[in-house]
Number of protein chains: 4
Amino acid sequence: MARPRSEEKALAILEAASSCFAERGISASTAMIAKHAGLSEGTLFRYFPSKEALINELYLYLKKTLCAYLSDGFPLSATLEQRARFLWFSYISWGVKNPAANITLSHLDVGDFITPELKQKAAEFFPDMGIHEEFVQSTVFSGLNRGFADSVFQALAYSTVKFAAKDPNNAEAYKHAGFTVFWKMLE
Amino acid sequence: MARPRSEEKALAILEAASSCFAERGISASTAMIAKHAGLSEGTLFRYFPSKEALINELYLYLKKTLCAYLSDGFPLSATLEQRARFLWFSYISWGVKNPAANITLSHLDVGDFITPELKQKAAEFFPDMGIHEEFVQSTVFSGLNRGFADSVFQALAYSTVKFAAKDPNNAEAYKHAGFTVFWKMLE
Amino acid sequence: MARPRSEEKALAILEAASSCFAERGISASTAMIAKHAGLSEGTLFRYFPSKEALINELYLYLKKTLCAYLSDGFPLSATLEQRARFLWFSYISWGVKNPAANITLSHLDVGDFITPELKQKAAEFFPDMGIHEEFVQSTVFSGLNRGFADSVFQALAYSTVKFAAKDPNNAEAYKHAGFTVFWKMLE
Amino acid sequence: MARPRSEEKALAILEAASSCFAERGISASTAMIAKHAGLSEGTLFRYFPSKEALINELYLYLKKTLCAYLSDGFPLSATLEQRARFLWFSYISWGVKNPAANITLSHLDVGDFITPELKQKAAEFFPDMGIHEEFVQSTVFSGLNRGFADSVFQALAYSTVKFAAKDPNNAEAYKHAGFTVFWKMLE
DNA sequence: AATGAATGAGTGTTCATTCAT
DNA sequence: AATGAATGAACACTCATTCAT
């Protein structure tokens, strides 16, 4: 099952999977995904040996994409609040711009599709923004498993994106409320 | 008269569904659920006319159970902090004692399986604890859709339960961290 | 499986079966039939040992009922045309008054649910109206299996009832057209 | 390119459906049909998206086949009697040669499986043989719904085929008797 | 390398029939 | 005698995966 060369097709499948999973849940069929990608049913399996493998790769792909977005322009040497603010609003902005990706990621993060190992691996993509350390040393989370803060942060972000997307007129209010909560957690 | 329909079996199905959904997601099969409940496949459908109906009833059942747990001993006339504290620790305690129920509820609350109407109905089971109002009028959430605060609260609670259950030695620490965040949101 | 005494309930089941089969085809469920008869699912099987037996008894019941209707007032010693006319218009009248029975009988007569032996037995219920002989000796059907004439007659009658019921304004025209064809067959 | 979808298999399914429906009625299972066609259950649904669609296509297929048979050698400019005679004997001959098709068509024509629209569409396959007009304007049927004449004709033909097939020694006699009735209806 | 036809286990659901009550 | 809960085989249909082309 040597991976064929067309990176473009692999990407098309990942994007199609993201949008199908967002629309129909993880039970969206491989046939539907292949069709959305403009490929035939069998071809999908030349790029991903199984649906499970596709799901895993999709998880990594989405996290990488998100991570690249967050890194772009990140003010590494700014104050903590400035960095946190940048992180938060970038995160939400990505979610609002990529609703399918956001929904799919929330499905994948909540379900049992992704092994803890893979989640750990994905977490490592995130550049050192000097925030995690603050998080872990904050009054609230000090001494606890780093994943806990992540988990709370993500859940907060998913909810914020969901409500901002559903009620665009108040999007800014949701974003700021979310940030307020986030910032309180760091204090 | 024929054998009466047994409430016990309906409960067995609901419990089996909760544990199967927790383990396999909502796509766990009705056959698997029936087997876990110790019944034949057909019997499940005498108690619940469809999988969808089972899911809806399970949602109400779990919310009711949770609600009863929270109401038990609730200090109606205590200070806000005392009430919030009771609510939080009861919530987490229930989740830790009923991990399958907690996971299943998180699946149901995040997915599209339950209609907003049913969610609303379930929300009405909860006794008036004088907390919602504070929540909604708090500095953070004032003016926003009430569902947003709920959603954030629940996400926080689910994460807390998850980590407390996974790492029982530090359970207390997670619970207190979670409460701290919760309380900050109310201020 | 001794037949219980309540003849009334057996009749209720037969009538319910007739109306359910008319509405839903022979695949109407025994549960539905029992419900229409005002009985519980299991009770049906105390009166008829199986669905197949019910179908067979229903066939005989409907044919008997029809036959009694045709016999009522039959002018045994009138001319052939008068007898034929009476037979025809009675037949159609019964069908129009008992649409469910008519539809159910047409289902049973056309399918393979009823054995030829039973059909033969049912045919013998019909009183000697001195018409069959004419039929068999008519120019058209002389020398052929008596069932052939029956079959054609019934098909003609079913069609006539169907169209008369569907288009009541022209019911009389259909009846007379049907009779004309019938009469031509006897000449 | 992958294996092309084989017209042969679609035909095998249609033929299998025809024979299963003839034997067991329209409730014959898709599994049985697939097995008779020498295919797996799933394959049937690649050729026909649902049982209902299969039934509809089968109806059209059988009507088309019958129509092609009737058209072959039809003496378009002969006298009415000659045309009627050709039509009748061809019809019966086709039915006798294709007993399953004849039985299946009779089930489909009498039941509620085929929409009036589809029946209308199938009727249009039949070439203009200049007989319908005579039929509809005949003394007997003039002024009545065209479907009535059709219905009577078909019922007559189905009965004739049934008896001719069951009693081959007298097949000719049944055919001629049937034609006599048909012809009387046209006069 | 790409295709899509073929597969068969699996899905939610129905139903004739049995049997404990 | 009557009930209706319980059953499990059967149903129409889906789908991840394989493989001939």
# chains A, B, ... in the order shown; residues from 1 in each chain; ligands from 1

$ calpha_fit_and_write --fixed "chain C" --moving "chain B" --output "short mmCIF file (atom, residue, chain, number, x, y, z; two decimals) with C-alpha atoms, in the first residue's frame"
data_model
loop_
_atom_site.label_atom_id
_atom_site.label_comp_id
_atom_site.auth_asym_id
_atom_site.auth_seq_id
_atom_site.Cartn_x
_atom_site.Cartn_y
_atom_site.Cartn_z
CA MET B 1 -66.75 -23.60 33.13
CA ALA B 2 -64.47 -21.02 31.66
CA ARG B 3 -65.60 -18.27 29.40
CA PRO B 4 -66.82 -19.84 26.18
CA ARG B 5 -64.89 -19.06 23.07
CA SER B 6 -66.77 -16.31 21.40
CA GLU B 7 -67.95 -16.67 17.86
CA GLU B 8 -68.06 -12.92 17.92
CA LYS B 9 -64.30 -12.69 18.29
CA ALA B 10 -63.64 -15.13 15.51
CA LEU B 11 -65.84 -12.97 13.31
CA ALA B 12 -64.05 -9.84 14.47
CA ILE B 13 -60.76 -11.40 13.42
CA LEU B 14 -62.13 -12.43 10.03
CA GLU B 15 -63.55 -8.96 9.43
CA ALA B 16 -60.34 -7.31 10.61
CA ALA B 17 -58.31 -9.57 8.35
CA SER B 18 -60.55 -8.72 5.43
CA SER B 19 -60.14 -5.01 5.95
CA CYS B 20 -56.38 -5.20 6.60
CA PHE B 21 -55.77 -7.43 3.58
CA ALA B 22 -57.82 -5.06 1.45
CA GLU B 23 -55.77 -2.12 2.63
CA ARG B 24 -52.30 -3.64 2.69
CA GLY B 25 -52.45 -6.83 0.69
CA ILE B 26 -52.06 -10.30 2.08
CA SER B 27 -48.80 -9.25 3.69
CA ALA B 28 -50.70 -7.26 6.33
CA SER B 29 -49.34 -8.48 9.62
CA THR B 30 -51.17 -10.64 12.12
CA ALA B 31 -50.36 -8.01 14.73
CA MET B 32 -52.20 -5.40 12.69
CA ILE B 33 -55.16 -7.72 12.25
CA ALA B 34 -55.34 -8.52 15.95
CA LYS B 35 -55.21 -4.84 16.80
CA HIS B 36 -58.00 -4.02 14.37
CA ALA B 37 -60.05 -6.80 15.92
CA GLY B 38 -59.47 -5.31 19.36
CA LEU B 39 -57.58 -8.36 20.59
CA SER B 40 -54.08 -9.17 21.64
CA GLU B 41 -51.65 -10.78 19.25
CA GLY B 42 -51.74 -14.10 21.01
CA THR B 43 -55.52 -14.34 20.92
CA LEU B 44 -55.62 -14.40 17.17
CA PHE B 45 -53.70 -17.67 17.26
CA ARG B 46 -56.18 -19.26 19.63
CA TYR B 47 -58.83 -18.81 16.98
CA PHE B 48 -56.71 -19.57 13.93
CA PRO B 49 -53.64 -21.74 14.34
CA SER B 50 -51.62 -19.91 11.73
CA LYS B 51 -51.85 -17.03 9.33
CA GLU B 52 -52.29 -19.51 6.52
CA ALA B 53 -55.24 -21.10 8.27
CA LEU B 54 -56.73 -17.65 8.84
CA ILE B 55 -56.39 -16.89 5.15
CA ASN B 56 -58.08 -20.14 4.20
CA GLU B 57 -60.92 -19.63 6.63
CA LEU B 58 -61.33 -16.07 5.52
CA TYR B 59 -61.64 -17.23 1.95
CA LEU B 60 -64.38 -19.67 2.85
CA TYR B 61 -66.08 -17.11 5.06
CA LEU B 62 -66.18 -14.46 2.38
CA LYS B 63 -67.34 -16.88 -0.28
CA LYS B 64 -70.05 -18.18 2.04
CA THR B 65 -71.21 -14.69 2.87
CA LEU B 66 -71.27 -13.73 -0.76
CA CYS B 67 -73.08 -16.91 -1.63
CA ALA B 68 -75.74 -16.35 0.99
CA TYR B 69 -76.25 -12.88 -0.40
CA LEU B 70 -76.63 -14.18 -3.92
CA SER B 71 -79.04 -16.90 -2.88
CA ASP B 72 -81.34 -14.52 -1.08
CA GLY B 73 -84.34 -14.05 -3.31
CA PHE B 74 -82.82 -15.80 -6.31
CA PRO B 75 -85.54 -16.47 -8.89
CA LEU B 76 -84.79 -20.11 -9.50
CA SER B 77 -87.41 -20.66 -12.14
CA ALA B 78 -87.14 -17.40 -14.05
CA THR B 79 -85.72 -17.09 -17.56
CA LEU B 80 -82.00 -17.33 -18.07
CA GLU B 81 -81.70 -13.63 -18.60
CA GLN B 82 -83.61 -12.86 -15.45
CA ARG B 83 -81.47 -15.22 -13.47
CA ALA B 84 -78.27 -13.87 -14.95
CA ARG B 85 -79.41 -10.34 -14.28
CA PHE B 86 -80.23 -11.15 -10.67
CA LEU B 87 -76.93 -12.88 -10.20
CA TRP B 88 -74.94 -10.05 -11.71
CA PHE B 89 -76.58 -7.20 -9.89
CA SER B 90 -76.54 -9.03 -6.60
CA TYR B 91 -72.87 -9.81 -7.05
CA ILE B 92 -72.01 -6.22 -7.80
CA SER B 93 -74.25 -4.92 -5.07
CA TRP B 94 -72.53 -7.13 -2.51
CA GLY B 95 -69.14 -5.98 -3.72
CA VAL B 96 -70.09 -2.33 -3.49
CA LYS B 97 -71.47 -2.79 -0.01
CA ASN B 98 -68.43 -4.79 1.09
CA PRO B 99 -65.53 -3.18 -0.69
CA ALA B 100 -62.88 -4.65 1.60
CA ALA B 101 -64.30 -8.13 1.11
CA ASN B 102 -64.32 -7.62 -2.63
CA ILE B 103 -60.71 -6.47 -2.75
CA THR B 104 -59.56 -9.21 -0.42
CA LEU B 105 -61.33 -11.87 -2.45
CA SER B 106 -59.72 -10.55 -5.58
CA HIS B 107 -56.31 -10.82 -3.91
CA LEU B 108 -57.03 -14.33 -2.77
CA ASP B 109 -58.46 -15.48 -6.06
CA VAL B 110 -55.56 -14.16 -8.08
CA GLY B 111 -52.69 -15.09 -5.77
CA ASP B 112 -51.32 -18.49 -4.86
CA PHE B 113 -52.55 -18.45 -1.29
CA ILE B 114 -55.53 -20.70 -1.76
CA THR B 115 -55.12 -24.25 -2.96
CA PRO B 116 -57.19 -25.40 -5.93
CA GLU B 117 -58.89 -27.88 -3.58
CA LEU B 118 -60.11 -25.09 -1.35
CA LYS B 119 -61.25 -23.06 -4.32
CA GLN B 120 -63.19 -26.07 -5.50
CA LYS B 121 -64.74 -26.47 -2.06
CA ALA B 122 -65.74 -22.84 -1.97
CA ALA B 123 -67.24 -23.11 -5.45
CA GLU B 124 -69.53 -25.84 -4.17
CA PHE B 125 -71.15 -23.46 -1.71
CA PHE B 126 -72.82 -21.75 -4.58
CA PRO B 127 -76.29 -23.01 -5.16
CA ASP B 128 -77.15 -24.38 -8.53
CA MET B 129 -78.45 -21.37 -10.35
CA GLY B 130 -78.56 -23.03 -13.71
CA ILE B 131 -76.15 -20.48 -15.04
CA HIS B 132 -72.88 -22.25 -14.92
CA GLU B 133 -74.07 -24.81 -17.38
CA GLU B 134 -75.15 -22.14 -19.77
CA PHE B 135 -71.89 -20.37 -19.30
CA VAL B 136 -69.79 -23.39 -19.97
CA GLN B 137 -71.86 -24.47 -22.94
CA SER B 138 -72.10 -21.03 -24.42
CA THR B 139 -70.67 -20.41 -27.85
CA VAL B 140 -67.69 -18.68 -26.34
CA PHE B 141 -66.56 -21.02 -23.62
CA SER B 142 -67.77 -24.40 -24.80
CA GLY B 143 -65.16 -27.06 -24.44
CA LEU B 144 -62.84 -24.99 -22.28
CA ASN B 145 -61.87 -25.45 -18.68
CA ARG B 146 -64.70 -24.30 -16.52
CA GLY B 147 -62.29 -22.27 -14.40
CA PHE B 148 -61.63 -20.03 -17.39
CA ALA B 149 -65.20 -18.79 -17.56
CA ASP B 150 -65.22 -18.30 -13.80
CA SER B 151 -61.99 -16.41 -13.93
CA VAL B 152 -63.24 -14.10 -16.65
CA PHE B 153 -66.55 -13.57 -14.88
CA GLN B 154 -64.85 -12.71 -11.64
CA ALA B 155 -62.35 -10.38 -13.23
CA LEU B 156 -65.22 -8.58 -14.89
CA ALA B 157 -67.10 -8.37 -11.62
CA TYR B 158 -64.10 -7.14 -9.63
CA SER B 159 -63.42 -4.42 -12.15
CA THR B 160 -67.03 -3.37 -12.19
CA VAL B 161 -67.19 -3.16 -8.42
CA LYS B 162 -63.95 -1.24 -8.30
CA PHE B 163 -65.13 1.40 -10.71
CA ALA B 164 -68.64 1.55 -9.33
CA ALA B 165 -67.27 2.09 -5.86
CA LYS B 166 -64.74 4.69 -6.97
CA ASP B 167 -67.24 6.65 -9.00
CA PRO B 168 -70.61 6.20 -7.26
CA ASN B 169 -72.41 8.68 -9.46
CA ASN B 170 -71.93 6.41 -12.42
CA ALA B 171 -72.26 3.19 -10.50
CA GLU B 172 -75.38 2.19 -12.33
CA ALA B 173 -73.74 2.75 -15.68
CA TYR B 174 -70.79 0.53 -14.76
CA LYS B 175 -73.08 -2.18 -13.51
CA HIS B 176 -75.09 -2.16 -16.70
CA ALA B 177 -72.03 -2.12 -18.89
CA GLY B 178 -70.68 -5.06 -16.94
CA PHE B 179 -73.92 -6.94 -17.33
CA THR B 180 -73.96 -6.31 -21.02
CA VAL B 181 -70.56 -7.90 -21.34
CA PHE B 182 -71.58 -10.77 -19.11
CA TRP B 183 -74.68 -11.39 -21.12
CA LYS B 184 -72.82 -11.29 -24.38
CA MET B 185 -70.57 -14.01 -23.05
CA LEU B 186 -73.56 -16.23 -22.38
CA GLU B 187 -75.09 -15.89 -25.79
#

$ select_by_dssp --residues "segment 2-180 of chain D" --states "helix (DSSP H, G or I)" --output "PyMOL selection string"
chain D and resi 7-24+30-36+41-47+51-71+80-97+99-110+116-123+132-137+146-166+168-180

$ closest_atom_pairs --of "chain E" --to "chain D" --cutoff "9 Å" --atoms "only C-alpha atoms (C1' of nucleotides)" --output "CSV"
residue,atom,partner,partner_atom,distance
E:DA2,C1',D:Met1,CA,7.0
E:DT3,C1',D:Ala2,CA,4.5
E:DG4,C1',D:Ala2,CA,5.4
E:DA5,C1',D:Arg3,CA,6.0
E:DA6,C1',D:Thr43,CA,6.4
E:DT7,C1',D:Ser40,CA,6.6
E:DG8,C1',D:Ser40,CA,7.5

$ closest_atom_pairs --of "chain F" --to "chain B" --cutoff "10 Å" --atoms "only C-alpha atoms (C1' of nucleotides)" --output "Markdown table"
| residue | atom | partner | partner_atom | distance |
| --- | --- | --- | --- | --- |
| F:DA2 | C1' | B:Met1 | CA | 7.0 |
| F:DT3 | C1' | B:Ala2 | CA | 4.5 |
| F:DG4 | C1' | B:Ala2 | CA | 5.3 |
| F:DA5 | C1' | B:Arg3 | CA | 6.0 |
| F:DA6 | C1' | B:Thr43 | CA | 6.4 |
| F:DT7 | C1' | B:Ser40 | CA | 6.6 |
| F:DG8 | C1' | B:Ser40 | CA | 7.5 |

$ write_last_selection --atoms "C-alpha atoms (C1' of nucleotides)" --output "PDB file, in the first residue's frame"
ATOM      1  C1'  DA F   2     -57.481 -14.215  27.695  1.00  0.00           C
ATOM      2  C1'  DT F   3     -53.582 -11.468  27.756  1.00  0.00           C
ATOM      3  C1'  DG F   4     -49.527  -9.151  26.009  1.00  0.00           C
ATOM      4  C1'  DA F   5     -44.449  -9.565  26.992  1.00  0.00           C
ATOM      5  C1'  DA F   6     -40.919 -11.990  24.903  1.00  0.00           C
ATOM      6  C1'  DT F   7     -38.589 -13.917  21.127  1.00  0.00           C
ATOM      7  C1'  DG F   8     -35.408 -14.477  17.047  1.00  0.00           C
TER       8       DG F   8
END

$ atom_distance --atom1 "atom C1' of DA16 of chain F" --atom2 "atom C1' of DT11 of chain E"
13.7 Å

$ atom_distance --atom1 "atom C1' of DA10 of chain F" --atom2 "atom C1' of DC15 of chain E"
9.0 Å

$ atom_distance --atom1 "atom C1' of DC11 of chain F" --atom2 "atom C1' of DG10 of chain E"
13.4 Å
